[in-house]
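This is input.csv (CSV, C-alpha atoms and all ligand atoms).
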```
chain,number,residue,atom,x,y,z
P,1,MET,CA,1.7,-8.2,7.5
P,2,THR,CA,4.3,-10.8,6.7
P,3,GLU,CA,4.5,-12.1,3.2
P,4,ALA,CA,3.4,-15.7,3.6
P,5,HIS,CA,3.2,-17.6,0.3
P,6,LEU,CA,1.6,-20.9,-0.3
P,7,PRO,CA,2.4,-23.4,-3.1
P,8,LEU,CA,0.2,-23.1,-6.2
P,9,THR,CA,-1.8,-26.3,-6.0
P,10,ASP,CA,-5.0,-25.6,-8.0
P,11,PHE,CA,-3.4,-24.8,-11.4
P,12,ILE,CA,-4.5,-27.4,-13.9
P,13,GLU,CA,-2.3,-28.2,-16.9
P,14,TYR,CA,-4.0,-29.7,-19.9
P,15,PRO,CA,-2.3,-31.4,-22.9
P,16,GLN,CA,-2.0,-28.8,-25.7
P,17,ALA,CA,-4.6,-30.5,-27.9
P,18,GLU,CA,-7.0,-30.2,-25.0
P,19,MET,CA,-6.0,-26.6,-24.4
P,20,LEU,CA,-7.0,-25.8,-28.0
P,21,GLU,CA,-10.2,-27.6,-27.6
P,22,ARG,CA,-11.0,-25.8,-24.4
P,23,ALA,CA,-10.1,-22.4,-26.0
P,24,LYS,CA,-12.4,-23.2,-28.9
P,25,GLN,CA,-15.2,-24.3,-26.7
P,26,ASN,CA,-14.9,-21.2,-24.5
P,27,TYR,CA,-15.1,-19.0,-27.6
P,28,GLN,CA,-18.2,-20.9,-28.8
P,29,ASP,CA,-19.7,-20.5,-25.3
P,30,VAL,CA,-19.1,-16.8,-24.8
P,31,LYS,CA,-20.2,-15.9,-28.4
P,32,ARG,CA,-23.7,-17.1,-27.4
P,33,ARG,CA,-23.9,-14.3,-24.8
P,34,HIS,CA,-26.0,-11.5,-26.2
P,35,SER,CA,-27.3,-8.4,-24.6
P,36,ILE,CA,-31.0,-9.0,-24.5
P,37,ARG,CA,-33.7,-6.4,-23.8
P,38,LYS,CA,-36.8,-8.6,-23.2
P,39,PHE,CA,-36.7,-10.6,-20.0
P,40,SER,CA,-39.2,-13.1,-18.6
P,41,ASP,CA,-40.4,-12.6,-15.0
P,42,ARG,CA,-39.5,-16.2,-14.1
P,43,ALA,CA,-37.8,-16.4,-10.7
P,44,VAL,CA,-34.1,-17.2,-10.4
P,45,PRO,CA,-32.9,-18.6,-7.1
P,46,GLN,CA,-30.7,-16.2,-5.1
P,47,GLU,CA,-28.0,-18.8,-4.5
P,48,ILE,CA,-27.2,-18.8,-8.3
P,49,ILE,CA,-26.7,-15.1,-8.2
P,50,GLU,CA,-24.6,-15.5,-5.0
P,51,GLN,CA,-22.2,-17.9,-6.8
P,52,CYS,CA,-21.9,-15.5,-9.7
P,53,ILE,CA,-21.0,-12.7,-7.4
P,54,LEU,CA,-18.4,-14.9,-5.6
P,55,ALA,CA,-16.9,-15.6,-9.1
P,56,ALA,CA,-16.8,-11.8,-9.8
P,57,GLY,CA,-15.0,-11.3,-6.5
P,58,THR,CA,-12.1,-13.5,-7.6
P,59,ALA,CA,-11.1,-10.9,-10.3
P,60,PRO,CA,-7.5,-9.7,-10.3
P,61,ASN,CA,-7.4,-6.2,-8.8
P,62,GLY,CA,-5.1,-3.6,-7.3
P,63,ALA,CA,-3.3,-4.7,-4.2
P,64,ASN,CA,-6.1,-7.2,-3.6
P,65,HIS,CA,-8.1,-4.5,-2.0
P,66,GLN,CA,-11.1,-5.7,-4.0
P,67,PRO,CA,-12.5,-2.3,-4.7
P,68,TRP,CA,-16.1,-3.4,-5.5
P,69,HIS,CA,-19.5,-3.8,-4.1
P,70,PHE,CA,-22.4,-5.6,-5.6
P,71,VAL,CA,-26.0,-4.9,-4.7
P,72,ALA,CA,-28.3,-7.7,-6.0
P,73,ILE,CA,-31.9,-6.5,-6.2
P,74,SER,CA,-35.0,-8.7,-6.5
P,75,ASP,CA,-37.3,-6.5,-4.5
P,76,ALA,CA,-40.2,-5.3,-6.7
P,77,ASP,CA,-40.4,-1.8,-5.1
P,78,VAL,CA,-36.7,-1.2,-5.5
P,79,LYS,CA,-36.8,-2.4,-9.1
P,80,ALA,CA,-39.7,-0.1,-9.8
P,81,GLN,CA,-37.8,2.9,-8.3
P,82,ILE,CA,-34.8,2.1,-10.5
P,83,ARG,CA,-37.0,1.8,-13.6
P,84,GLU,CA,-38.7,5.1,-12.9
P,85,GLN,CA,-35.4,7.0,-12.4
P,86,ALA,CA,-33.5,5.2,-15.2
P,87,GLU,CA,-36.3,5.9,-17.7
P,88,ALA,CA,-36.4,9.6,-16.8
P,89,ILE,CA,-32.7,9.8,-17.5
P,90,GLU,CA,-33.0,7.9,-20.7
P,91,GLN,CA,-35.9,10.1,-21.9
P,92,ALA,CA,-33.6,13.1,-21.6
P,93,PHE,CA,-30.8,11.2,-23.3
P,94,TYR,CA,-32.9,10.1,-26.3
P,95,ALA,CA,-34.6,13.5,-26.5
P,96,GLY,CA,-31.2,15.0,-27.4
P,97,ARG,CA,-28.9,14.9,-24.4
P,98,GLY,CA,-26.9,12.1,-26.0
P,99,GLY,CA,-26.0,14.3,-29.0
P,100,GLU,CA,-26.7,13.6,-32.6
P,101,GLU,CA,-23.7,11.4,-33.4
P,102,TRP,CA,-24.3,9.1,-30.4
P,103,LEU,CA,-28.0,8.8,-31.0
P,104,ASP,CA,-27.3,8.0,-34.7
P,105,ASN,CA,-24.8,5.3,-33.7
P,106,LEU,CA,-27.5,3.7,-31.5
P,107,LYS,CA,-30.1,3.4,-34.2
P,108,PRO,CA,-29.0,-0.1,-35.5
P,109,LEU,CA,-29.6,-1.4,-31.9
P,110,GLY,CA,-33.1,0.0,-31.8
P,111,THR,CA,-32.9,1.0,-28.2
P,112,ASN,CA,-35.1,3.7,-26.6
P,113,ALA,CA,-36.0,5.2,-23.2
P,114,SER,CA,-38.5,2.4,-22.3
P,115,LYS,CA,-36.9,-0.1,-19.9
P,116,PRO,CA,-39.7,-2.4,-18.7
P,117,TYR,CA,-37.1,-5.2,-18.1
P,118,LEU,CA,-35.8,-3.2,-15.1
P,119,GLU,CA,-39.0,-4.4,-13.4
P,120,THR,CA,-39.6,-7.7,-15.2
P,121,ALA,CA,-36.2,-9.3,-14.8
P,122,PRO,CA,-35.8,-11.2,-11.5
P,123,TRP,CA,-32.4,-9.7,-10.7
P,124,LEU,CA,-30.7,-6.3,-11.2
P,125,ILE,CA,-27.1,-6.2,-9.9
P,126,ALA,CA,-25.7,-2.8,-9.3
P,127,VAL,CA,-21.9,-2.7,-9.4
P,128,PHE,CA,-20.2,0.0,-7.4
P,129,THR,CA,-16.5,1.1,-7.4
P,130,LYS,CA,-14.9,1.9,-4.0
P,131,LYS,CA,-12.3,4.6,-3.6
P,132,ARG,CA,-11.3,3.2,-0.2
P,133,SER,CA,-11.7,-0.2,1.5
P,134,GLU,CA,-12.1,-0.9,5.2
P,135,ASP,CA,-9.7,-3.4,6.8
P,136,ASN,CA,-10.1,-4.0,10.5
P,137,GLY,CA,-11.7,-0.6,10.9
P,138,GLU,CA,-8.8,1.0,8.9
P,139,GLN,CA,-9.4,2.9,5.7
P,140,LYS,CA,-7.1,1.7,2.8
P,141,GLN,CA,-6.6,3.5,-0.5
P,142,ASN,CA,-7.7,1.4,-3.5
P,143,TYR,CA,-5.7,1.2,-6.7
P,144,TYR,CA,-6.6,0.6,-10.4
P,145,VAL,CA,-10.3,0.9,-9.3
P,146,HIS,CA,-11.8,1.1,-12.8
P,147,GLU,CA,-9.6,-1.6,-14.3
P,148,SER,CA,-10.4,-3.9,-11.3
P,149,VAL,CA,-14.1,-3.3,-11.3
P,150,GLY,CA,-14.2,-3.6,-15.1
P,151,ILE,CA,-12.6,-7.1,-14.9
P,152,ALA,CA,-14.9,-8.1,-12.0
P,153,THR,CA,-17.9,-7.0,-14.0
P,154,GLY,CA,-16.7,-9.1,-17.0
P,155,PHE,CA,-16.3,-12.1,-14.7
P,156,LEU,CA,-19.8,-11.5,-13.4
P,157,LEU,CA,-21.3,-11.4,-16.9
P,158,GLN,CA,-19.4,-14.5,-17.8
P,159,ALA,CA,-20.6,-16.3,-14.7
P,160,LEU,CA,-24.2,-15.4,-15.2
P,161,HIS,CA,-24.1,-16.5,-18.8
P,162,ASN,CA,-22.3,-19.7,-17.9
P,163,ALA,CA,-25.0,-20.4,-15.3
P,164,GLY,CA,-27.6,-20.1,-18.1
P,165,LEU,CA,-29.0,-16.6,-17.6
P,166,GLY,CA,-29.6,-13.9,-20.1
P,167,THR,CA,-27.8,-10.6,-19.3
P,168,LEU,CA,-27.8,-6.9,-20.2
P,169,THR,CA,-25.4,-4.1,-19.2
P,170,HIS,CA,-27.1,-0.8,-18.5
P,171,THR,CA,-25.4,2.5,-17.8
P,172,PRO,CA,-27.9,5.3,-17.5
P,173,LYS,CA,-26.0,8.6,-17.5
P,174,PRO,CA,-25.8,10.0,-14.8
P,175,MET,CA,-26.2,6.9,-12.7
P,176,SER,CA,-25.8,8.5,-9.2
P,177,PHE,CA,-29.5,7.8,-8.3
P,178,LEU,CA,-28.4,4.1,-7.8
P,179,SER,CA,-26.4,5.1,-4.7
P,180,LYS,CA,-29.5,6.4,-3.1
P,181,VAL,CA,-31.8,3.7,-4.2
P,182,CYS,CA,-29.3,1.0,-3.0
P,183,GLY,CA,-28.5,2.9,0.2
P,184,ARG,CA,-24.8,3.1,-0.5
P,185,ASP,CA,-22.3,5.8,0.7
P,186,SER,CA,-22.0,8.1,-2.3
P,187,ASP,CA,-18.8,9.7,-1.1
P,188,ASN,CA,-16.7,6.5,-1.1
P,189,GLU,CA,-18.7,4.5,-3.7
P,190,ARG,CA,-19.8,5.3,-7.3
P,191,PRO,CA,-22.2,3.2,-9.4
P,192,TYR,CA,-20.2,1.6,-12.2
P,193,MET,CA,-22.8,-0.5,-14.0
P,194,LEU,CA,-26.2,-2.1,-13.7
P,195,ILE,CA,-26.4,-5.7,-14.8
P,196,ILE,CA,-29.8,-7.2,-15.6
P,197,ALA,CA,-30.1,-11.0,-15.3
P,198,GLY,CA,-32.8,-13.5,-15.8
P,199,TYR,CA,-34.4,-15.8,-18.4
P,200,PRO,CA,-34.9,-14.3,-21.8
P,201,ASP,CA,-38.5,-13.6,-22.8
P,202,ASP,CA,-39.8,-15.9,-25.6
P,203,LYS,CA,-39.8,-12.8,-27.8
P,204,ALA,CA,-36.3,-11.7,-27.0
P,205,THR,CA,-34.3,-10.7,-30.1
P,206,VAL,CA,-30.7,-9.8,-30.9
P,207,PRO,CA,-30.0,-6.9,-33.2
P,208,GLU,CA,-28.2,-8.0,-36.3
P,209,HIS,CA,-25.8,-5.2,-35.9
P,210,ALA,CA,-24.7,-6.6,-32.5
P,211,LEU,CA,-23.8,-9.9,-34.1
P,212,GLN,CA,-21.2,-8.4,-36.5
P,213,LYS,CA,-18.0,-8.9,-34.6
P,214,LYS,CA,-14.6,-7.7,-35.8
P,215,SER,CA,-12.3,-10.4,-37.2
P,216,LEU,CA,-9.2,-11.6,-35.4
P,217,ALA,CA,-7.0,-9.6,-37.9
P,218,GLU,CA,-8.9,-6.4,-37.1
P,219,ILE,CA,-8.7,-6.8,-33.3
P,220,SER,CA,-5.2,-8.2,-33.0
P,221,ASP,CA,-1.6,-8.4,-34.1
P,222,PHE,CA,0.9,-11.1,-33.3
P,223,ILE,CA,4.4,-9.8,-33.3
B,301,LIG,N1,-28.0,4.1,-21.9
B,301,LIG,C1,-28.9,4.1,-23.1
B,301,LIG,C2,-28.2,4.3,-24.4
B,301,LIG,C3,-27.3,3.2,-24.8
B,301,LIG,C4,-26.0,3.6,-25.0
B,301,LIG,C5,-25.1,2.6,-25.5
B,301,LIG,I1,-23.1,3.2,-25.8
B,301,LIG,C6,-25.5,1.4,-25.9
B,301,LIG,O1,-24.6,0.4,-26.4
B,301,LIG,C7,-26.9,1.0,-25.7
B,301,LIG,C8,-27.7,2.0,-25.2
B,301,LIG,C9,-29.9,2.9,-23.1
B,301,LIG,O2,-29.7,2.0,-22.3
B,301,LIG,O3,-30.8,2.9,-23.8
```
Represent the structure contained in this file as structure tokens.
Ligand code: IYR
Amino acid sequence: MTEAHLPLTDFIEYPQAEMLERAKQNYQDVKRRHSIRKFSDRAVPQEIIEQCILAAGTAPNGANHQPWHFVAISDADVKAQIREQAEAIEQAFYAGRGGEEWLDNLKPLGTNASKPYLETAPWLIAVFTKKRSEDNGEQKQNYYVHESVGIATGFLLQALHNAGLGTLTHTPKPMSFLSKVCGRDSDNERPYMLIIAGYPDDKATVPEHALQKKSLAEISDFI
């Protein structure tokens, strides 16, 4: 392929005072995103989820091979299967498989093996990594797969939050059952994360522990 380049026409420059305002506003906006564990069953139109997945698909990634696949699930039977299998895995995890230290560290969050929201929430989005991508019937190696899919998942969470949805990341360990439930090729693709999206239930809470964020001095250095 030739290296055609186009002029950058969609970059927007803001006056610096406005840049600072925008940066502050974005911080205020994203700090209102909380992982919630009680979802309402109110429906959310598919086209909203589609736009959020399109946003995720713009993430920077290795060689622009876009090593991800998103399966958006609203089907009640599929959600029920996911809940059943995820809860079985979480039961083993909370019964000791997680190990004492990990289970202790989770206590302030008050999580347990019960995951009713996997059925209640209108959307579950299973994110998959892809080792190889197809291009005109040709198999291409993917690069920086975890980095790329991690960034895309961040974009997805941000897009869902910005659209006005509550979110939760879920990573049952092992997560391989998701390949089967979603009908994906488990040789080339691996489940990366399950995102739950929907309206928060009226009784949704946020653990105090989760609100304690490290200070700028703790998380950064300017040199
Ligand atoms: N996957 C389990 C346990 C869990 C692990 C971490 I690390 C968390 O931040 C929260 C939960 C669960 O979903 O309950």
* Asked: Mind listing the residues within 10 Å of ligand LIG 301 (chain B), all atoms listed in the file counted, as a ChimeraX atom specification?
  -> /P:35,37,86-87,89-91,93-94,98,102-103,105-107,109-115,168-175,210
* Given only C-alpha atoms as the counted atoms, nearest of P:Ser40, P:Thr129, P:Asn64, P:Thr9 to Gly150 in chain P -> P:Thr129
* To do: Enter the distance from CA of Asn188 in chain P to CA of Lys140 in chain P, in Å, rounded to one decimal.
  =>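 According to the coordinates, CA of Asn188 in chain P and CA of Lys140 in chain P are separated by 11.4 Å.
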* **Residue nearest Ala204 in chain P among P:Ala217, P:Ile36, P:Leu160, P:Met19 (counting all atoms listed in the file)** => P:Ile36
* Which of P:Asp202, P:Phe177, P:Pro45, P:Ala163 sits closest to Asp29 in chain P [using only C-alpha atoms] ->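 Closest residue, counting only C-alpha atoms: P:Ala163.
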* Neighbours of Asn61 in chain P within 9 Å (all atoms listed in the file; same-chain residues fewer than 5 positions away dropped), as a ChimeraX atom specification? -> /P:66-67,143-145,147-149,151-152
* May I have the residues at most 12 Å from (-34.2, -5.1, -11.4) in the file's coordinates, counting all atoms listed in the file, as a PyMOL selection string? => chain P and resi 39-41+43+71-84+86+115-126+167-170+178+181-182+194-198
Could you give me the centre and size, in Å to one decimal, of an axis-aligned box around all listed atoms of range 74-82 of chain P with 4 Å added on every side, as lines of an AutoDock Vina configuration file?
```
center_x = -37.6
center_y = -2.9
center_z = -7.5
size_x = 13.6
size_y = 19.6
size_z = 14.0
```
* To do: Kindly indicate which residue among P:Lys213, P:Ala95, P:His161, P:Asp104 lies nearest to Tyr199 in chain P, using only C-alpha atoms for the distances.
  => P:His161
